[in-house]
Protein chains: 2
Amino acid sequence: MTTYRIAVMGGTGPQGKGLGYRFARHGHDVVIGSRAAEKAAVTAEEIRARLEGVDGAGEVTGAANAEACADADVVLLAVPWDGHDELVATLPLAGRTVVSCVNPLAFDKRGAHGLVIDGGEGSAAERAQALAPDATVVGAFHNVSAVGLWGEEDYLDEDVLCVGDSDDGKAVAMELARAVTGREGISAGKLRLARQLEPLTAVLISINRKYKVHSGIRITGLEHAPHAG
Amino acid sequence: MTTYRIAVMGGTGPQGKGLGYRFARHGHDVVIGSRAAEKAAVTAEEIRARLEGVDGAGEVTGAANAEACADADVVLLAVPWDGHDELVATLPLAGRTVVSCVNPLAFDKRGAHGLVIDGGEGSAAERAQALAPDATVVGAFHNVSAVGLWGEEDYLDEDVLCVGDSDDGKAVAMELARAVTGREGISAGKLRLARQLEPLTAVLISINRKYKVHSGIRITGLEHAPHAG
């Protein structure tokens, strides 16, 4: 198994904290990033407490966002859309694999819906790529419920869809997915398809509200793939 | 079981033909619609041939699109996006439940992707509702593979996501989903979320190309719903 050193931007939020926990539980080293290093340290401590007694867990530490990136192999963007661009522009992302799980959503009385990014021709992941042209940006983990990530199940019963223009970058996210679902993530197309994966979360939120569940996405049919196994 | 009389606009195309077959196999009466009544009659005959010996199958006939709608309870829009508005504007849809499975997609050397409708603030389903304000438009069956529909499996291993602003309209689509998946469709939010379901098909097409499968979507977590049955 390849283990990575992963910096989680927005690591004190529910999605970042949950993914950081799952990655460390699976043996990756995780640096929780936050605007304030002290806040990051608190979340790192909370995750370490949950990992006590877990064999083979990775190290979990906290740092201010940009410092957290410093010697990371992978940077996970798990920040709110509000302020995304300003933060991403300040991060040292060149040469790194950057995984964006950012969901630009809005809520009104009719429920959750996707925000229109760049007139419908963009996404948070593409925006990150534009802001950090020397990074390899991948979109993944958009649709994974924070509650499930922080929950008690060994693995979540869903699939992680990974999109990107670099096969190598996508392979990193697909490997990281094992920490969450127990199996490789799914290669789901080019980076621009993040336009579909990000607001799909609004559909899952609608289902959650209607049925009072934490829903996820699974892709069927893959068991028939010529090289499945 | 409620049985409906369903007119399938674009019923000679693969998605329309496949859904028409599944609906009739489940006991609904189906009128295949096409621009030319003779083409519709050929497809209707093809479906009837497949239904020979199926107990309880509904009637399948063919007609020109507008005539097919005339005494239908439900009109399924399974037409290409190209020419969609012009066709929908000519159909007698007032007072009917209209189910749109139209996917506005484009293809280039980077694969399939969603077309931007109304600056990102629209979808084929919403366009149909705007053109037929006295119809009840629902979005459903976008992500169901035509190959699977026309295939040999009794039911497809996937979920039908149904979006709409009318609960009654959505309930019709959710009931019709039983013909395809063997279980009720999933209530997945308001009609505007068709903006997410329509181009999600581009993600499935990308997965299909990569893994050489016919993929589908399943929603996980619903077995924990308070009223799951």
# chains A, B, ... in the order shown; residues from 1 in each chain; ligands from 1
call {"tool": "interface_residues", "arguments": {"of": "chain A", "to": "chain B", "cutoff": "7 Å", "atoms": "only C-alpha atoms", "output": "PyMOL selection string"}}
result
chain A and resi 113+116+119-120+157-158+187-189+193+196+199-200+203+206-207+211-222+224-226
call {"tool": "select_by_dssp", "arguments": {"residues": "segment 28-214 of chain B", "states": "alpha helix (DSSP H)", "output": "MDAnalysis selection string"}}
result
chainID B and resid 37:51 65:69 84:90 124:131 146:149 167:176 178:181 194:211
call {"tool": "residues_around", "arguments": {"residues": "Leu51 of chain A", "least_positions_apart": "6", "cutoff": "8 Å", "atoms": "only C-alpha atoms", "output": "short mmCIF file (atom, residue, chain, number, x, y, z; two decimals) with N, CA, C and O atoms, in the first residue's frame"}}
result
data_model
loop_
_atom_site.label_atom_id
_atom_site.label_comp_id
_atom_site.auth_asym_id
_atom_site.auth_seq_id
_atom_site.Cartn_x
_atom_site.Cartn_y
_atom_site.Cartn_z
N TYR A 21 -9.60 11.83 9.36
CA TYR A 21 -9.70 10.67 10.25
C TYR A 21 -9.60 9.36 9.46
O TYR A 21 -8.82 8.46 9.80
N ARG A 25 -6.57 6.67 9.74
CA ARG A 25 -6.96 5.33 10.19
C ARG A 25 -6.43 4.26 9.24
O ARG A 25 -6.16 3.13 9.61
N ALA A 57 -2.24 3.11 12.35
CA ALA A 57 -2.75 4.45 12.00
C ALA A 57 -1.58 5.39 11.73
O ALA A 57 -0.50 5.24 12.31
#
